[in-house]
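Student: mmCIF, C-alpha atoms, file final-v3.cif:
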```cif
data_coords
loop_
_atom_site.label_atom_id
_atom_site.label_comp_id
_atom_site.auth_asym_id
_atom_site.auth_seq_id
_atom_site.Cartn_x
_atom_site.Cartn_y
_atom_site.Cartn_z
CA MET A 30 0.00 0.00 0.00
CA GLN A 31 2.68 2.42 1.08
CA VAL A 32 4.72 1.84 -2.03
CA VAL A 33 1.71 2.62 -4.25
CA SER A 34 0.96 5.99 -2.63
CA GLU A 35 4.64 6.92 -2.75
CA VAL A 36 4.62 6.15 -6.47
CA GLY A 37 1.68 8.55 -6.82
CA LEU A 38 3.61 11.35 -5.20
CA ILE A 39 6.81 10.66 -7.00
CA LEU A 40 5.07 10.94 -10.38
CA PHE A 41 5.13 14.70 -9.86
CA CYS A 42 8.88 14.78 -9.45
CA THR A 43 11.42 15.32 -12.18
CA HIS A 44 13.29 12.01 -12.10
CA ILE A 45 10.08 10.16 -12.79
CA ARG A 46 11.38 7.23 -14.81
CA VAL A 47 14.23 6.20 -12.56
CA VAL A 48 12.18 6.37 -9.40
CA VAL A 49 9.18 4.57 -10.92
CA ALA A 50 11.49 1.83 -12.12
CA ILE A 51 12.90 1.43 -8.63
CA ALA A 52 9.37 1.43 -7.12
CA LEU A 53 8.34 -1.30 -9.57
CA ILE A 54 11.29 -3.46 -8.61
CA VAL A 55 10.38 -3.08 -4.94
CA THR A 56 6.71 -4.09 -5.50
CA ALA A 57 7.70 -6.94 -7.82
CA GLY A 58 10.09 -8.19 -5.19
CA ALA A 59 7.31 -8.05 -2.62
CA THR A 60 4.76 -9.96 -4.72
CA ASN A 61 7.24 -12.60 -5.83
CA ALA A 62 7.92 -13.54 -2.24
CA GLN A 63 4.42 -15.01 -1.93
CA VAL A 64 5.26 -16.69 1.34
CA ALA A 65 6.68 -14.74 4.25
CA ALA A 66 9.69 -16.13 6.08
CA TYR A 67 8.89 -17.31 9.60
CA LYS A 68 10.44 -19.18 12.48
CA VAL A 69 8.73 -21.99 14.38
CA VAL A 70 9.38 -21.97 18.12
CA ASP A 71 7.94 -24.93 20.05
CA ASP A 72 4.50 -25.43 18.50
CA GLY A 73 3.98 -21.87 17.38
CA ILE A 74 5.15 -18.92 15.29
CA PRO A 75 5.67 -16.11 17.86
CA GLN A 76 6.59 -13.41 15.34
CA ALA A 77 3.77 -11.91 13.24
CA LEU A 78 4.22 -12.36 9.47
CA THR A 79 3.50 -8.69 8.73
CA THR A 80 4.33 -5.36 10.31
CA ALA A 81 0.71 -4.21 9.99
CA SER A 82 -1.30 -5.90 12.72
CA GLY A 83 -4.18 -8.26 12.00
CA ASP A 84 -7.70 -6.93 11.61
CA ILE A 85 -10.43 -8.80 13.53
CA ALA A 86 -13.30 -7.75 11.24
CA ARG A 87 -11.42 -8.73 8.08
CA GLY A 88 -10.47 -12.01 9.72
CA ARG A 89 -14.07 -12.77 10.62
CA ALA A 90 -15.19 -12.00 7.07
CA LEU A 91 -12.54 -14.37 5.72
CA VAL A 92 -13.52 -17.20 8.04
CA ALA A 93 -17.17 -16.62 7.09
CA ASN A 94 -16.36 -16.90 3.37
CA ARG A 95 -16.43 -20.64 2.74
CA TYR A 96 -15.26 -20.31 -0.86
CA GLN A 97 -12.17 -18.31 -0.05
CA SER A 98 -11.12 -19.75 3.29
CA MET A 99 -13.04 -23.06 3.47
CA CYS A 100 -12.88 -22.89 7.31
CA LEU A 101 -16.63 -23.42 7.73
CA LEU A 102 -16.52 -26.50 5.54
CA CYS A 103 -14.72 -28.29 8.37
CA HIS A 104 -15.27 -26.16 11.48
CA GLN A 105 -18.15 -24.52 13.19
CA ALA A 106 -17.65 -20.94 14.32
CA PRO A 107 -19.78 -18.37 16.16
CA ILE A 108 -20.89 -16.84 12.85
CA ALA A 109 -24.64 -17.40 13.09
CA GLU A 110 -25.51 -15.95 9.68
CA GLU A 111 -23.56 -18.70 7.93
CA LYS A 112 -25.64 -21.89 7.74
CA PHE A 113 -24.27 -25.31 6.77
CA GLN A 114 -21.15 -25.34 8.88
CA GLY A 115 -19.22 -28.60 8.72
CA ASP A 116 -18.56 -31.07 11.52
CA ILE A 117 -15.13 -32.39 10.58
CA SER A 118 -13.22 -30.74 13.37
CA THR A 119 -13.54 -28.55 16.46
CA ASN A 120 -15.83 -25.58 16.98
CA LEU A 121 -13.66 -22.48 16.69
CA ALA A 122 -15.58 -20.75 19.50
CA GLY A 123 -13.11 -20.32 22.36
CA ALA A 124 -10.06 -20.88 20.13
CA GLY A 125 -8.43 -17.76 21.63
CA ALA A 126 -8.84 -19.18 25.11
CA ARG A 127 -7.37 -22.56 24.16
CA TRP A 128 -4.41 -21.36 22.10
CA SER A 129 -1.92 -18.52 22.04
CA ALA A 130 -1.55 -16.25 19.00
CA ALA A 131 1.72 -18.05 18.18
CA GLN A 132 0.04 -21.47 18.26
CA LEU A 133 -2.88 -20.26 16.15
CA ARG A 134 -0.49 -18.71 13.62
CA LEU A 135 1.31 -22.00 13.04
CA ARG A 136 -1.99 -23.87 12.77
CA ILE A 137 -3.11 -21.52 9.99
CA VAL A 138 0.28 -21.23 8.24
CA ASP A 139 0.94 -24.98 8.14
CA ALA A 140 -1.01 -27.29 10.47
CA ARG A 141 0.80 -30.24 8.92
CA ARG A 142 4.03 -29.27 10.60
CA ILE A 143 2.27 -30.39 13.78
CA ASN A 144 0.53 -33.42 12.29
CA PRO A 145 1.53 -34.43 8.74
CA GLN A 146 -1.61 -36.58 8.41
CA SER A 147 -3.93 -33.69 9.27
CA VAL A 148 -6.61 -32.87 6.73
CA MET A 149 -6.38 -29.21 7.67
CA PRO A 150 -4.80 -27.45 4.68
CA ALA A 151 -1.65 -25.35 5.01
CA TYR A 152 -2.81 -21.80 4.28
CA HIS A 153 0.59 -20.18 3.81
CA ARG A 154 2.73 -22.73 1.99
CA ILE A 155 3.52 -23.30 -1.68
CA GLU A 156 6.20 -25.98 -1.40
CA GLY A 157 5.51 -29.67 -1.91
CA LEU A 158 2.14 -29.29 -3.65
CA ASN A 159 1.16 -31.40 -6.67
CA ARG A 160 -0.99 -30.71 -9.71
CA VAL A 161 -2.09 -27.28 -8.51
CA ALA A 162 -4.72 -25.54 -10.67
CA LYS A 163 -3.06 -23.09 -13.05
CA THR A 164 -4.80 -20.10 -11.46
CA SER A 165 -3.38 -21.02 -8.02
CA VAL A 166 0.17 -22.05 -8.95
CA GLY A 167 2.77 -20.36 -6.76
CA LYS A 168 0.13 -18.76 -4.54
CA PRO A 169 -0.61 -19.74 -0.96
CA ILE A 170 -4.31 -19.93 0.04
CA PHE A 171 -3.81 -16.91 2.32
CA ASP A 172 -1.25 -14.15 1.92
CA ALA A 173 0.65 -13.02 5.02
CA GLN A 174 -1.85 -10.28 5.88
CA GLN A 175 -4.80 -12.67 5.61
CA VAL A 176 -3.04 -15.05 8.00
CA GLU A 177 -2.64 -12.21 10.50
CA ASP A 178 -6.28 -11.12 10.07
CA VAL A 179 -7.57 -14.64 10.74
CA VAL A 180 -5.21 -15.05 13.71
CA ALA A 181 -6.49 -11.75 15.15
CA TYR A 182 -10.08 -12.96 14.79
CA LEU A 183 -9.33 -16.34 16.39
CA VAL A 184 -7.50 -14.69 19.30
CA SER A 185 -10.64 -12.61 19.87
CA LEU A 186 -12.74 -15.76 20.31
CA ARG A 187 -12.55 -16.23 24.06
CA MET B 26 -41.29 -84.06 5.64
CA THR B 27 -37.60 -84.13 6.62
CA ASN B 28 -36.82 -82.83 3.15
CA TYR B 29 -39.23 -79.98 3.67
CA LEU B 30 -37.73 -79.16 7.08
CA LEU B 31 -34.24 -79.32 5.69
CA THR B 32 -35.13 -76.87 2.92
CA LEU B 33 -36.73 -74.57 5.46
CA VAL B 34 -33.69 -74.62 7.72
CA LEU B 35 -31.39 -74.10 4.74
CA ALA B 36 -33.45 -71.14 3.52
CA LEU B 37 -33.41 -69.65 7.01
CA VAL B 38 -29.65 -70.05 7.30
CA LEU B 39 -29.15 -68.45 3.88
CA ALA B 40 -31.45 -65.54 4.73
CA LEU B 41 -29.66 -64.95 8.01
CA TRP B 42 -26.30 -65.19 6.28
CA SER B 43 -27.15 -62.59 3.67
CA LEU B 44 -28.55 -60.30 6.38
CA HIS B 45 -25.37 -60.81 8.32
CA THR B 46 -23.06 -60.03 5.41
CA SER B 47 -24.98 -56.90 4.37
CA ALA B 48 -24.89 -55.68 7.97
CA GLN B 49 -21.16 -56.47 8.03
CA ASP B 50 -20.38 -54.62 4.81
CA PRO B 51 -19.59 -51.05 5.84
CA ARG B 52 -19.82 -49.81 2.27
CA ARG B 53 -22.75 -47.56 1.46
CA SER B 54 -24.04 -45.96 -1.70
CA SER B 55 -24.55 -42.22 -1.26
CA PHE B 56 -28.18 -42.99 -2.15
CA ASP B 57 -28.62 -43.98 1.52
CA ALA B 58 -27.67 -40.49 2.74
CA MET B 59 -29.94 -38.60 0.34
CA SER B 60 -33.17 -36.88 1.38
CA PRO B 61 -36.34 -38.99 0.98
CA ALA B 62 -37.49 -36.63 -1.79
CA THR B 63 -34.29 -37.16 -3.82
CA GLN B 64 -34.43 -40.90 -3.15
CA ALA B 65 -37.98 -40.95 -4.49
CA LEU B 66 -36.80 -39.21 -7.66
CA GLN B 67 -34.32 -42.02 -8.29
CA ARG B 68 -36.65 -44.85 -7.26
CA ASP B 69 -39.57 -43.91 -9.43
CA ASP B 70 -38.76 -44.22 -13.13
CA SER B 71 -41.72 -42.02 -14.02
CA GLN B 72 -40.17 -39.19 -11.98
CA ASN B 73 -36.45 -39.83 -12.52
CA PRO B 74 -35.25 -37.06 -14.89
CA ALA B 75 -32.47 -39.37 -16.15
CA MET B 76 -35.11 -41.53 -17.83
CA LEU B 77 -35.45 -38.83 -20.52
CA TRP B 78 -31.86 -39.60 -21.55
CA VAL B 79 -32.51 -43.34 -21.31
CA LYS B 80 -35.43 -42.99 -23.75
CA GLU B 81 -33.15 -41.06 -26.11
CA GLY B 82 -30.49 -43.75 -25.70
CA GLU B 83 -32.98 -46.48 -26.57
CA ALA B 84 -33.87 -44.61 -29.76
CA LEU B 85 -30.19 -44.11 -30.67
CA TRP B 86 -29.55 -47.82 -30.06
CA SER B 87 -31.84 -48.93 -32.83
CA ARG B 88 -31.36 -46.07 -35.27
CA ALA B 89 -28.56 -46.03 -37.89
CA PRO B 90 -26.55 -42.79 -37.45
CA VAL B 91 -26.76 -42.11 -41.21
CA SER B 92 -28.51 -44.19 -43.85
CA GLY B 93 -26.40 -47.01 -45.15
CA THR B 94 -24.66 -47.55 -41.78
CA LYS B 95 -25.59 -50.09 -39.14
CA SER B 96 -27.36 -49.33 -35.88
CA CYS B 97 -26.13 -50.75 -32.57
CA ALA B 98 -29.12 -53.09 -32.67
CA ASP B 99 -28.12 -54.38 -36.12
CA CYS B 100 -24.97 -55.88 -34.59
CA HIS B 101 -26.01 -56.54 -31.00
CA GLY B 102 -29.76 -57.21 -31.10
CA GLY B 103 -32.07 -55.85 -28.43
CA LEU B 104 -30.78 -53.63 -25.64
CA SER B 105 -31.62 -56.37 -23.14
CA ARG B 106 -28.66 -58.27 -24.59
CA MET B 107 -26.48 -55.69 -22.82
CA ARG B 108 -27.52 -57.03 -19.41
CA GLY B 109 -24.44 -57.31 -17.18
CA VAL B 110 -22.14 -55.35 -19.47
CA ALA B 111 -21.99 -52.14 -17.41
CA THR B 112 -21.03 -54.10 -14.27
CA ARG B 113 -17.70 -55.02 -15.92
CA TYR B 114 -16.40 -51.59 -17.01
CA PRO B 115 -13.75 -50.17 -17.10
CA ALA B 116 -12.37 -53.26 -18.82
CA TYR B 117 -9.38 -54.19 -20.96
CA ASP B 118 -10.05 -53.97 -24.68
CA THR B 119 -7.86 -56.25 -26.78
CA SER B 120 -8.48 -54.45 -30.08
CA SER B 121 -7.05 -51.16 -28.80
CA SER B 122 -4.84 -52.72 -26.06
CA ARG B 123 -6.24 -50.21 -23.58
CA VAL B 124 -8.40 -50.12 -20.49
CA LEU B 125 -11.64 -48.39 -21.51
CA ASN B 126 -14.67 -47.19 -19.65
CA LEU B 127 -18.09 -47.89 -21.08
CA GLY B 128 -18.33 -44.51 -22.79
CA ALA B 129 -15.02 -45.03 -24.58
CA ARG B 130 -16.09 -48.57 -25.54
CA ILE B 131 -19.27 -47.13 -27.08
CA ASN B 132 -17.12 -44.65 -29.01
CA LEU B 133 -15.02 -47.51 -30.44
CA CYS B 134 -18.13 -49.07 -31.95
CA ARG B 135 -19.18 -45.67 -33.21
CA THR B 136 -15.89 -44.98 -34.99
CA ASN B 137 -14.95 -48.53 -36.08
CA HIS B 138 -18.32 -50.00 -36.97
CA GLN B 139 -20.42 -46.96 -37.79
CA GLY B 140 -17.74 -44.74 -39.32
CA GLN B 141 -18.87 -41.79 -37.22
CA PRO B 142 -16.78 -39.19 -35.32
CA ALA B 143 -16.29 -40.09 -31.64
CA TRP B 144 -18.63 -38.48 -29.15
CA ARG B 145 -17.10 -36.18 -26.54
CA THR B 146 -17.30 -37.40 -22.93
CA GLU B 147 -20.24 -35.19 -21.96
CA ASP B 148 -22.04 -35.43 -25.29
CA SER B 149 -25.68 -35.91 -24.43
CA ALA B 150 -25.98 -38.71 -27.05
CA ARG B 151 -23.07 -40.64 -25.56
CA LEU B 152 -24.47 -40.27 -22.04
CA SER B 153 -27.88 -41.39 -23.30
CA VAL B 154 -26.59 -44.59 -24.88
CA GLU B 155 -24.41 -45.27 -21.84
CA ALA B 156 -27.39 -44.83 -19.50
CA ALA B 157 -29.62 -47.06 -21.63
CA ILE B 158 -26.96 -49.80 -21.59
CA ALA B 159 -26.25 -49.46 -17.87
CA LEU B 160 -29.96 -49.57 -17.01
CA GLN B 161 -29.96 -53.18 -18.28
CA SER B 162 -27.65 -54.03 -15.33
CA ARG B 163 -29.62 -52.22 -12.64
CA GLY B 164 -29.53 -54.27 -9.46
CA LEU B 165 -26.67 -56.50 -10.63
CA PRO B 166 -23.45 -56.55 -8.59
CA ILE B 167 -20.43 -54.62 -9.86
CA THR B 168 -17.95 -57.27 -11.06
CA PRO B 169 -14.65 -55.99 -12.45
CA PRO B 170 -13.08 -58.73 -14.59
CA ALA B 171 -9.68 -60.22 -13.75
CA HIS B 172 -7.10 -59.06 -16.26
CA PRO B 173 -3.47 -58.06 -15.66
CA ALA B 174 -3.87 -54.76 -17.54
CA LEU B 175 -7.01 -53.90 -15.59
CA LYS B 176 -5.24 -54.84 -12.39
CA ALA B 177 -2.39 -52.48 -13.23
CA ALA B 178 -4.92 -49.70 -13.87
CA GLN B 179 -6.65 -50.40 -10.55
CA GLN B 180 -3.33 -50.18 -8.75
CA ARG B 181 -2.43 -46.94 -10.46
CA GLY B 182 -5.89 -45.64 -9.54
CA ALA B 183 -5.37 -46.65 -5.91
CA THR B 184 -2.14 -44.66 -5.80
CA LEU B 185 -3.83 -41.62 -7.33
CA PHE B 186 -6.72 -41.98 -4.88
CA ALA B 187 -4.29 -41.75 -1.98
CA SER B 188 -2.22 -38.85 -3.35
CA ARG B 189 -2.70 -35.35 -2.03
CA ILE B 190 -3.26 -32.84 -4.81
CA GLY B 191 -4.15 -29.23 -5.51
CA GLN B 192 -3.60 -26.01 -3.61
CA VAL B 193 -5.75 -27.42 -0.79
CA ASP B 194 -3.53 -30.52 -0.75
CA LEU B 195 -6.09 -33.22 0.00
CA SER B 196 -6.44 -36.72 -1.45
CA CYS B 197 -9.60 -38.52 -2.53
CA ALA B 198 -8.98 -40.84 0.43
CA ASP B 199 -8.88 -37.91 2.87
CA CYS B 200 -12.45 -36.97 1.97
CA HIS B 201 -13.93 -40.31 0.96
CA THR B 202 -12.26 -42.74 3.37
CA THR B 203 -10.98 -40.83 6.42
CA LEU B 204 -13.79 -38.27 6.54
CA ALA B 205 -16.61 -40.21 4.85
CA GLY B 206 -19.89 -39.70 6.68
CA LYS B 207 -18.85 -36.33 8.11
CA ARG B 208 -20.34 -33.06 6.93
CA LEU B 209 -18.15 -30.89 4.70
CA GLY B 210 -20.15 -27.67 4.97
CA GLY B 211 -23.65 -28.64 3.87
CA ALA B 212 -22.66 -31.83 2.04
CA LYS B 213 -22.35 -35.20 3.71
CA LEU B 214 -19.10 -36.71 2.45
CA PRO B 215 -19.96 -39.91 0.56
CA GLN B 216 -17.78 -43.00 0.40
CA ALA B 217 -17.63 -42.29 -3.34
CA HIS B 218 -18.86 -45.60 -4.74
CA PRO B 219 -19.65 -45.00 -8.40
CA THR B 220 -22.83 -47.09 -8.31
CA GLY B 221 -25.20 -44.84 -10.26
CA TYR B 222 -23.36 -43.44 -13.29
CA PRO B 223 -24.19 -41.70 -15.49
CA ILE B 224 -26.13 -39.72 -12.88
CA TYR B 225 -28.69 -36.96 -13.05
CA ARG B 226 -27.28 -34.34 -10.71
CA LEU B 227 -29.74 -31.69 -9.50
CA GLU B 228 -26.88 -29.17 -9.33
CA TRP B 229 -26.05 -29.82 -13.00
CA GLN B 230 -29.67 -30.03 -14.14
CA SER B 231 -28.40 -32.68 -16.48
CA LEU B 232 -27.06 -36.17 -16.87
CA GLY B 233 -23.31 -36.36 -16.29
CA SER B 234 -20.51 -38.90 -16.37
CA LEU B 235 -18.28 -40.18 -13.58
CA ASN B 236 -15.49 -38.21 -15.24
CA ARG B 237 -17.46 -35.01 -14.76
CA ARG B 238 -18.00 -35.86 -11.07
CA LEU B 239 -14.26 -36.42 -10.62
CA ARG B 240 -13.51 -33.06 -12.22
CA SER B 241 -15.80 -31.35 -9.70
CA CYS B 242 -13.85 -32.98 -6.89
CA LEU B 243 -10.57 -31.87 -8.49
CA SER B 244 -11.73 -28.28 -8.72
CA ALA B 245 -12.86 -28.38 -5.07
CA VAL B 246 -9.25 -28.94 -4.03
CA ARG B 247 -8.02 -26.45 -6.65
CA ALA B 248 -6.20 -29.14 -8.60
CA ASP B 249 -5.38 -28.98 -12.31
CA ALA B 250 -7.69 -31.44 -14.09
CA SER B 251 -5.71 -31.00 -17.33
CA SER B 252 -2.69 -32.57 -15.60
CA PHE B 253 -4.59 -35.89 -15.53
CA SER B 254 -4.26 -37.99 -18.67
CA ASP B 255 -7.17 -40.08 -20.00
CA GLU B 256 -5.33 -43.15 -18.69
CA GLU B 257 -5.16 -41.66 -15.22
CA PHE B 258 -8.85 -40.79 -15.19
CA VAL B 259 -9.76 -44.31 -16.32
CA ALA B 260 -7.37 -45.75 -13.72
CA ILE B 261 -9.23 -43.86 -10.99
CA GLU B 262 -12.55 -45.14 -12.35
CA ALA B 263 -11.21 -48.69 -12.44
CA TYR B 264 -10.06 -48.42 -8.84
CA LEU B 265 -13.41 -46.96 -7.72
CA MET B 266 -15.27 -49.87 -9.37
CA GLN B 267 -12.91 -52.37 -7.74
CA ARG B 268 -13.55 -50.66 -4.40
CA ALA B 269 -17.29 -51.04 -5.05
CA ASN B 270 -16.94 -54.67 -6.17
CA GLY B 271 -20.15 -56.55 -5.36
CA MET B 272 -22.28 -53.48 -4.72
CA PRO B 273 -25.42 -53.32 -6.88
CA LEU B 274 -25.49 -50.96 -9.85
CA GLU B 275 -28.26 -48.33 -9.55
CA THR B 276 -28.00 -46.50 -12.87
CA PRO B 277 -29.54 -44.07 -13.61
CA GLY B 278 -28.75 -42.50 -10.24
CA VAL B 279 -29.98 -39.12 -9.02
CA ARG B 280 -27.70 -37.03 -6.81
CA PRO B 281 -28.06 -33.61 -5.21
#
```
In structure tokens, write the structure found in this file.

Tutor:
Amino acid sequence: MQVVSEVGLILFCTHIRVVVAIALIVTAGATNAQVAAYKVVDDGIPQALTTASGDIARGRALVANRYQSMCLLCHQAPIAEEKFQGDISTNLAGAGARWSAAQLRLRIVDARRINPQSVMPAYHRIEGLNRVAKTSVGKPIFDAQQVEDVVAYLVSLR
Amino acid sequence: MTNYLLTLVLALVLALWSLHTSAQDPRRSSFDAMSPATQALQRDDSQNPAMLWVKEGEALWSRAPVSGTKSCADCHGGLSRMRGVATRYPAYDTSSSRVLNLGARINLCRTNHQGQPAWRTEDSARLSVEAAIALQSRGLPITPPAHPALKAAQQRGATLFASRIGQVDLSCADCHTTLAGKRLGGAKLPQAHPTGYPIYRLEWQSLGSLNRRLRSCLSAVRADASSFSDEEFVAIEAYLMQRANGMPLETPGVRP
């Protein structure tokens, strides 16, 4: 976001081309790194994936959207307006009381690091996947900000 | 008298045995999990929308595609002669040295014996003929033949069934073995026995093949269907039929 608004400003300057070129390289670099680097400590990821903090409302909207996040296909959550919640795993109500933010982050980023057999998909991983649809190749299910938004929402469920 | 008693006892034992084995068999058609209204649609031929395709298939069976060519009936006789055929497919075809599903087998007759262009998988005419043929086997147990090439396909299918694929990284087995019976959102996960194909699916508003069903599952896990060769798709079908070995065919099925 910041880069884009800076580009807007810079367009008024004299050295337009050089600066725009540099700005483009910066954004390209950012979008190519589709998966943020992170460090697992015990059974969690203590460090947030983004500098901007997670947004509870955006996280709730993501969890509620079964096509984008698929959460409600497997879990129930205190989102009454969404009918047809699945019964494959736990009810997410109280998740913030059961788990720390670090633990929740790892479970969203890559639950299979905890249990390789788990059916819970890894939301922030692109390695080791097979026969991915062309429109999804090289993209994790959630970008880093979406992970943080969902973590913020889960933490709020106490 | 003793003869009569003996027969009675034998009949009783047999009845109990069959009850016992069906109670023992944990395999279920997804028909069992459907709403009574959808079950009624499948049960009653006068209501089953798939019967429209069957009627069309019966007509295509006995009509020559163009004048001067032979109809299916000219070579095979009445459709009732096809009883049992659908329970055996996919099967190994010696003339093409390939494992073929019933639709592909129909296409071979169409190209080789009728000189017509092959039908595409979801061509309504192909589905119609397939449904009309499979209806002749309704109620008969699925019985994949023993053949080394078919066995190899089944094994390849079993491996594919167990492989995690797509951006969501799930296997067929995750959903249809591990999680079968659970609710994935609003849908009860079936064991995925292909007992009713081609099916009329309410969501499609049309008859559709097993291949089409598999493609829906692939897109659910955001997998690339075009990365699967025809051989791989048929291998999965062959494995599914082997997994459903002995279960009665219910074509034409209705599914939500």

Student: Could you write out as a PyMOL selection string the residues that the PyMOL selection byres ((chain B) within 8 of (chain A)) matches in the shown file?

Tutor: chain B and resi 189-195+199+204+207-211+244+247-250+252

Student: Go ahead and compute the interatomic distance for atom CA of Lys80 of chain B and atom CA of Thr276 of chain B, in Å to one decimal.

Tutor: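 Between these atoms lies a distance of 13.6 Å.
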
Student: Please write the residues picked by the PyMOL selection byres ((chain A and resi 71) around 12) on this file as a list in words.

Tutor: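 So the PyMOL selection byres ((chain A and resi 71) around 12), applied here, picks out Lys68, Val69, Val70, Asp72, Gly73, Ile74, Pro75, Ser129, Ala131, Gln132, Leu135, Arg142 and Ile143 of chain A.
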
Student: So how many Å separate atom CA of Ala143 of chain B and atom CA of Arg240 of chain B, to one decimal?

Tutor: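 Going from atom CA of Ala143 of chain B over to atom CA of Arg240 of chain B, I get 20.8 Å.
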
Student: Check the smallest atom-to-atom distance from each of B:Asn137, B:Ser105, B:Thr94, B:Ser149 to Gly233 of chain B using all atoms listed in the file, then report the winner.

Tutor: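 Comparing B:Asn137, B:Ser105, B:Thr94, B:Ser149 against Gly233 of chain B, the winner is B:Ser149.
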
Student: Taking 6 positions as the minimum chain separation for residues in the same chain, which residues sit within 8 Å of Ile158 of chain B when counting all atoms listed in the file? Answer as a ChimeraX atom specification.

Tutor: /B:104,107-108,110-111

Student: Just write the chosen residues, C-alpha atoms, as a compact mmCIF listing (two decimals), in the coordinates of the input.

Tutor:
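Everything below was put into part_16.txt:
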```txt
# COMPACT_ATOMS: atom_id res chain seq x y z
CA LEU B 104 -30.78 -53.63 -25.64
CA MET B 107 -26.48 -55.69 -22.82
CA ARG B 108 -27.52 -57.03 -19.41
CA VAL B 110 -22.14 -55.35 -19.47
CA ALA B 111 -21.99 -52.14 -17.41
```

Student: Could you tell me which residues the PyMOL selection byres ((chain B and resi 146) around 10) returns for this structure, as a ChimeraX atom specification?

Tutor: /B:128-129,132,143-145,147-152,233-237

Student: Atoms to include: C-alpha atoms. Write the selected residues as a PDB file, keeping the file's coordinate frame.

Tutor:
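Full text of out13.pdb as output:
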```pdb
ATOM      1  CA  GLY B 128     -18.330 -44.510 -22.790  1.00  0.00           C
ATOM      2  CA  ALA B 129     -15.020 -45.030 -24.580  1.00  0.00           C
ATOM      3  CA  ASN B 132     -17.120 -44.650 -29.010  1.00  0.00           C
ATOM      4  CA  ALA B 143     -16.290 -40.090 -31.640  1.00  0.00           C
ATOM      5  CA  TRP B 144     -18.630 -38.480 -29.150  1.00  0.00           C
ATOM      6  CA  ARG B 145     -17.100 -36.180 -26.540  1.00  0.00           C
ATOM      7  CA  GLU B 147     -20.240 -35.190 -21.960  1.00  0.00           C
ATOM      8  CA  ASP B 148     -22.040 -35.430 -25.290  1.00  0.00           C
ATOM      9  CA  SER B 149     -25.680 -35.910 -24.430  1.00  0.00           C
ATOM     10  CA  ALA B 150     -25.980 -38.710 -27.050  1.00  0.00           C
ATOM     11  CA  ARG B 151     -23.070 -40.640 -25.560  1.00  0.00           C
ATOM     12  CA  LEU B 152     -24.470 -40.270 -22.040  1.00  0.00           C
ATOM     13  CA  GLY B 233     -23.310 -36.360 -16.290  1.00  0.00           C
ATOM     14  CA  SER B 234     -20.510 -38.900 -16.370  1.00  0.00           C
ATOM     15  CA  LEU B 235     -18.280 -40.180 -13.580  1.00  0.00           C
ATOM     16  CA  ASN B 236     -15.490 -38.210 -15.240  1.00  0.00           C
ATOM     17  CA  ARG B 237     -17.460 -35.010 -14.760  1.00  0.00           C
TER      18      ARG B 237
END
```

Student: What is the atom CA of Glu155 of chain B to atom CA of Pro223 of chain B distance in Å?

Tutor: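 Rounded to one decimal, the two atoms are 7.3 Å apart.
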
Student: For Asn120 of chain A, which residue out of A:Ala181, A:Ala106, A:Leu133, A:Ala77 is the nearest one, using only C-alpha atoms?

Tutor: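 Nearest to Asn120 of chain A: A:Ala106.
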
Student: Under the rule that all atoms listed in the file are counted, which of A:His153, A:Arg136, A:Arg127, A:Arg141 is the nearest residue to Gln174 of chain A?

Tutor: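 Nearest to Gln174 of chain A: A:His153.
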
Student: Which is closest to Ala58 of chain B among B:Ala75, B:Ser196, B:Pro215, B:Gly109, if we use only C-alpha atoms?

Tutor: B:Pro215

Student: Hey, can you pull every residue with an atom no more than 12 Å from (-12.1, -7.6, 12.6), using only C-alpha atoms, and send it as a list in words?

Tutor: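 Output of the proximity query reads Ser82, Gly83, Asp84, Ile85, Ala86, Arg87, Gly88, Arg89, Ala90, Leu91, Val92, Ala93, Gln175, Glu177, Asp178, Val179, Val180, Ala181, Tyr182, Leu183, Val184, Ser185 and Leu186 of chain A.
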
Student: Go through B:Pro74, B:Gly271, B:Gly93, B:Gly206 and flag the residue nearest Asp57 of chain B, using all atoms listed in the file for the distances.

Tutor: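 Residue with the minimum atom-to-atom distance to Asp57 of chain B: B:Gly206.
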
Student: Looking at B:Cys197, B:Ala62, B:Leu185, B:Ala171, which one is nearest to Glu256 of chain B, with distances taken over only C-alpha atoms?

Tutor: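 Ranked by minimum distance to Glu256 of chain B, first place goes to B:Leu185.
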